[in-house]
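The block underneath contains the structure these notes are about, expressed in structure tokens.
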Amino acid sequence: HYMGTSTFANNDVLTIRYQSPANDYIAELFVMALEKSGQKFNCIPVKDLPSQKRTILLLGKDKSLDLFWTVTNVKREEQALAVKIPLDRGLLGYRIPLINKRTPDLFKNKQNTIDIRKVHFGLRFDWPDLEIFKQNELSILSFSSHSQANNLLKSGRIDAIPDGLLEVGSYKLQPELTYDKHVVLYYPSAVYFFVAKENQVLHDALEKGLNLSLKDGSWQKLFDKHLSHVIENVNLAKRTLIRLDNPTLPRTAPI
């Protein structure tokens, strides 16, 4: 069904296989962008994708995916074509530590990365921030599943899991676990839509639609609907900001 990009005229229906389940905000955003672009399209969810590192390699004609979104880094921008408009408005760079209730003051009075060198962080093996935490010389143990992460935290093998703002409040916490109240970890980052290198049609439609929805305010509405309560819930203004360097971010990245 997938013809080379040269044969697409704008009235052709574009088939878009995307990662599923999708975060509601992101799913509504790409549909809104495509509708505004005027490009006809047909969306097909693809389940059970592998790790982020391997999923990005599935983009393209004979592979099994057309649209992927993830935190950008130099390597990912070499592997695929990025629509360089940050989908999360930089929000994913803010991380709230999930901790064991036994250590509520783990991050109390901590101001910078040197203060948190002794904290053992758990990060999933394919999270892009794993490399960022390493580069900031923080102590890390990687895990492969949610349940493994919870067990490591409950048993004290790790002290904290840096959850993204979008994860906070999106699932039920185990009774032994809670969110830190003192700090927010931050590194500059951008989440982009990625498409196959040869899929200029989809790239341009997304870029056009995102720019139009920025201009007419519909993106802001969607963002507020899904995310304003998240920002309020974690009480960002009251937390100490601990800034991490992000050497993996392409210098060209608008964030």
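Each chain of the structure tokens is named A, B, ... in the order shown, its residues numbered from 1; ligands are numbered from 1 in display order.
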
DSSP alpha helix (DSSP H) selection over stretch 17-251 of chain A, as a PyMOL selection string: chain A and resi 24-37+52-55+74-79+129-135+146-155+200-215+218-233

Residues within 7 Å of stretch 228-240 of chain A, only C-alpha atoms, excluding chain neighbours under 3 positions, as a list in words: Gln111, Leu165, His182, Val183, Val184, Asp224 and Lys225 of chain A

Would you mind exporting all heavy atoms of the selected residues as a compact mmCIF listing (two decimals), in the first residue's frame?
```txt
# COMPACT_ATOMS: atom_id res chain seq x y z
N GLN A 111 20.50 20.93 46.72
CA GLN A 111 20.46 22.10 45.84
C GLN A 111 20.98 21.82 44.43
O GLN A 111 20.60 22.50 43.49
CB GLN A 111 21.34 23.22 46.43
CG GLN A 111 21.05 23.59 47.86
CD GLN A 111 19.81 24.47 47.98
OE1 GLN A 111 19.47 25.19 47.05
NE2 GLN A 111 19.14 24.39 49.11
N LEU A 165 6.90 14.41 34.47
CA LEU A 165 5.67 15.08 34.91
C LEU A 165 4.43 14.38 34.37
O LEU A 165 3.39 14.36 35.01
CB LEU A 165 5.64 16.53 34.42
CG LEU A 165 6.45 17.55 35.21
CD1 LEU A 165 6.07 18.95 34.76
CD2 LEU A 165 6.20 17.41 36.70
N HIS A 182 10.29 17.82 47.81
CA HIS A 182 11.28 18.88 47.98
C HIS A 182 11.87 19.43 46.69
O HIS A 182 12.14 20.61 46.57
CB HIS A 182 12.44 18.40 48.86
CG HIS A 182 12.01 17.91 50.20
ND1 HIS A 182 11.53 18.75 51.17
CD2 HIS A 182 11.97 16.65 50.73
CE1 HIS A 182 11.20 18.04 52.26
NE2 HIS A 182 11.46 16.77 52.01
N VAL A 183 12.14 18.55 45.71
CA VAL A 183 12.90 18.99 44.54
C VAL A 183 12.20 18.62 43.23
O VAL A 183 11.29 17.80 43.19
CB VAL A 183 14.33 18.36 44.49
CG1 VAL A 183 15.12 18.71 45.74
CG2 VAL A 183 14.26 16.85 44.28
N VAL A 184 12.65 19.26 42.17
CA VAL A 184 12.35 18.81 40.82
C VAL A 184 13.69 18.79 40.09
O VAL A 184 14.49 19.71 40.19
CB VAL A 184 11.31 19.71 40.10
CG1 VAL A 184 11.73 21.17 40.12
CG2 VAL A 184 11.08 19.24 38.66
N ASP A 224 -3.45 22.66 27.90
CA ASP A 224 -4.05 22.98 29.21
C ASP A 224 -5.00 21.89 29.67
O ASP A 224 -5.01 21.51 30.84
CB ASP A 224 -4.79 24.33 29.13
CG ASP A 224 -3.83 25.50 28.96
OD1 ASP A 224 -2.61 25.32 29.22
OD2 ASP A 224 -4.27 26.58 28.54
N LYS A 225 -5.81 21.39 28.74
CA LYS A 225 -6.80 20.36 29.08
C LYS A 225 -6.10 19.14 29.71
O LYS A 225 -6.56 18.59 30.70
CB LYS A 225 -7.56 19.95 27.82
CG LYS A 225 -8.54 18.80 28.02
CD LYS A 225 -9.26 18.44 26.71
CE LYS A 225 -9.01 17.01 26.34
NZ LYS A 225 -9.62 16.59 25.07
```

Atom CA of A:Glu28 to atom CA of A:Ala80, distance in Å rounded to a single decimal: 22.4 Å

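Taking atom CA of A:Arg243 and atom CA of A:Ser145 as the two end points, the separation is 26.6 Å.
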
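Candidate residues A:Gln148, A:Gln19, A:Thr72, A:Ser218 were compared for distance to A:Pro250, and the nearest is A:Thr72, using only C-alpha atoms.
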
Selection: 10 Å around stretch 188-196 of chain A, only C-alpha atoms, excl. self and same-chain fewer than 6 positions, as JSON, numbers by chain: {"A": [16, 18, 26, 30, 56, 57, 58, 59, 60, 61, 63, 65, 66, 67, 68, 69, 70, 71, 72, 73, 76, 77, 79, 80, 81, 82, 83, 84, 85, 86, 87, 88, 89, 90, 91, 92, 93, 94, 128, 129, 202, 203, 206, 207, 243, 244, 245, 246, 247, 248, 249, 250, 253, 254, 255]}

Closest of A:Lys101, A:His146, A:Lys108, A:Lys118 to A:Leu177 - atom-to-atom distances counting only C-alpha atoms: A:Lys101

Between atom CA of A:Arg124 and atom CA of A:Lys75 - distance in Å to one decimal: 18.6 Å

Secondary structure check, strand (DSSP E or B) residues of stretch 19-236 of chain A, as a ChimeraX atom specification: /A:19,41-46,59,65,67-71,81-83,94-100,120-124,139-143,160-164,177-179,183-186,191-195

Using only C-alpha atoms, which residues sit within 7 Å of A:Phe121 once same-chain residues fewer than 5 positions away are excluded, as a short mmCIF file (atom, residue, chain, number, x, y, z; two decimals) with C-alpha atoms, in the first residue's frame?
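The resulting file, out_37.cif, is reproduced below:
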```
data_model
loop_
_atom_site.label_atom_id
_atom_site.label_comp_id
_atom_site.auth_asym_id
_atom_site.auth_seq_id
_atom_site.Cartn_x
_atom_site.Cartn_y
_atom_site.Cartn_z
CA SER A 139 24.58 6.77 40.61
CA ILE A 140 22.32 4.60 38.42
CA LEU A 141 20.86 1.14 38.29
CA ILE A 158 17.50 1.99 44.64
CA ASP A 159 16.46 5.23 46.38
CA ALA A 160 14.50 7.05 43.68
CA ILE A 161 13.00 6.80 40.19
#
```

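The nearest approach to A:Trp127 among the residues A:Lys110, A:Lys53, A:Arg251, A:Lys154, with only C-alpha atoms taken into account, belongs to A:Lys53.
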
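The nearest approach to A:Phe41 among the residues A:Arg54, A:Lys221, A:Lys172, A:Arg17, with only C-alpha atoms taken into account, belongs to A:Arg17.
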
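Nearest to A:Gly169 of all the residues A:Ala27, A:Ala149, A:Leu98, A:Leu123 is A:Leu98, based on only C-alpha atoms.
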
Among listed residues A:Glu35, A:Glu137, A:Asp62, A:Glu167, nearest A:Leu14 (using only C-alpha atoms): A:Glu35

Give me the residues near A:Asp180 as a PDB file with N, CA and C atoms, in the first residue's frame, where near means some atom within 8 Å (using only C-alpha atoms) and where sequence neighbours in that chain fewer than 2 positions away do not count.
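Output (part-v9.pdb):
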```pdb
ATOM      1  N   ILE A  96      10.174  14.299  38.737  1.00  0.00           N
ATOM      2  CA  ILE A  96       9.846  14.260  40.169  1.00  0.00           C
ATOM      3  C   ILE A  96      10.261  12.884  40.702  1.00  0.00           C
ATOM      4  N   PRO A  97      11.118  12.840  41.736  1.00  0.00           N
ATOM      5  CA  PRO A  97      11.569  11.541  42.219  1.00  0.00           C
ATOM      6  C   PRO A  97      10.468  10.760  42.950  1.00  0.00           C
ATOM      7  N   LEU A  98      10.271   9.520  42.499  1.00  0.00           N
ATOM      8  CA  LEU A  98       9.421   8.563  43.216  1.00  0.00           C
ATOM      9  C   LEU A  98      10.321   7.877  44.241  1.00  0.00           C
ATOM     10  N   ILE A  99       9.893   7.873  45.508  1.00  0.00           N
ATOM     11  CA  ILE A  99      10.764   7.355  46.575  1.00  0.00           C
ATOM     12  C   ILE A  99      10.010   6.390  47.478  1.00  0.00           C
ATOM     13  N   PRO A 104      11.338   9.991  53.471  1.00  0.00           N
ATOM     14  CA  PRO A 104      10.637  11.170  52.942  1.00  0.00           C
ATOM     15  C   PRO A 104      11.546  12.381  52.750  1.00  0.00           C
ATOM     16  N   ASP A 105      12.650  12.440  53.492  1.00  0.00           N
ATOM     17  CA  ASP A 105      13.500  13.629  53.428  1.00  0.00           C
ATOM     18  C   ASP A 105      14.806  13.405  52.662  1.00  0.00           C
ATOM     19  N   LEU A 106      14.783  12.367  51.816  1.00  0.00           N
ATOM     20  CA  LEU A 106      15.957  12.041  51.011  1.00  0.00           C
ATOM     21  C   LEU A 106      16.503  13.262  50.253  1.00  0.00           C
ATOM     22  N   PHE A 107      15.603  14.086  49.721  1.00  0.00           N
ATOM     23  CA  PHE A 107      16.034  15.216  48.892  1.00  0.00           C
ATOM     24  C   PHE A 107      15.941  16.556  49.621  1.00  0.00           C
ATOM     25  N   THR A 178       5.956   6.862  47.433  1.00  0.00           N
ATOM     26  CA  THR A 178       5.373   8.202  47.388  1.00  0.00           C
ATOM     27  C   THR A 178       6.272   9.110  46.547  1.00  0.00           C
ATOM     28  N   HIS A 182      10.290  17.821  47.813  1.00  0.00           N
ATOM     29  CA  HIS A 182      11.285  18.884  47.979  1.00  0.00           C
ATOM     30  C   HIS A 182      11.875  19.434  46.686  1.00  0.00           C
ATOM     31  N   VAL A 183      12.143  18.547  45.713  1.00  0.00           N
ATOM     32  CA  VAL A 183      12.901  18.988  44.535  1.00  0.00           C
ATOM     33  C   VAL A 183      12.201  18.623  43.229  1.00  0.00           C
TER      34      VAL A 183
END
```
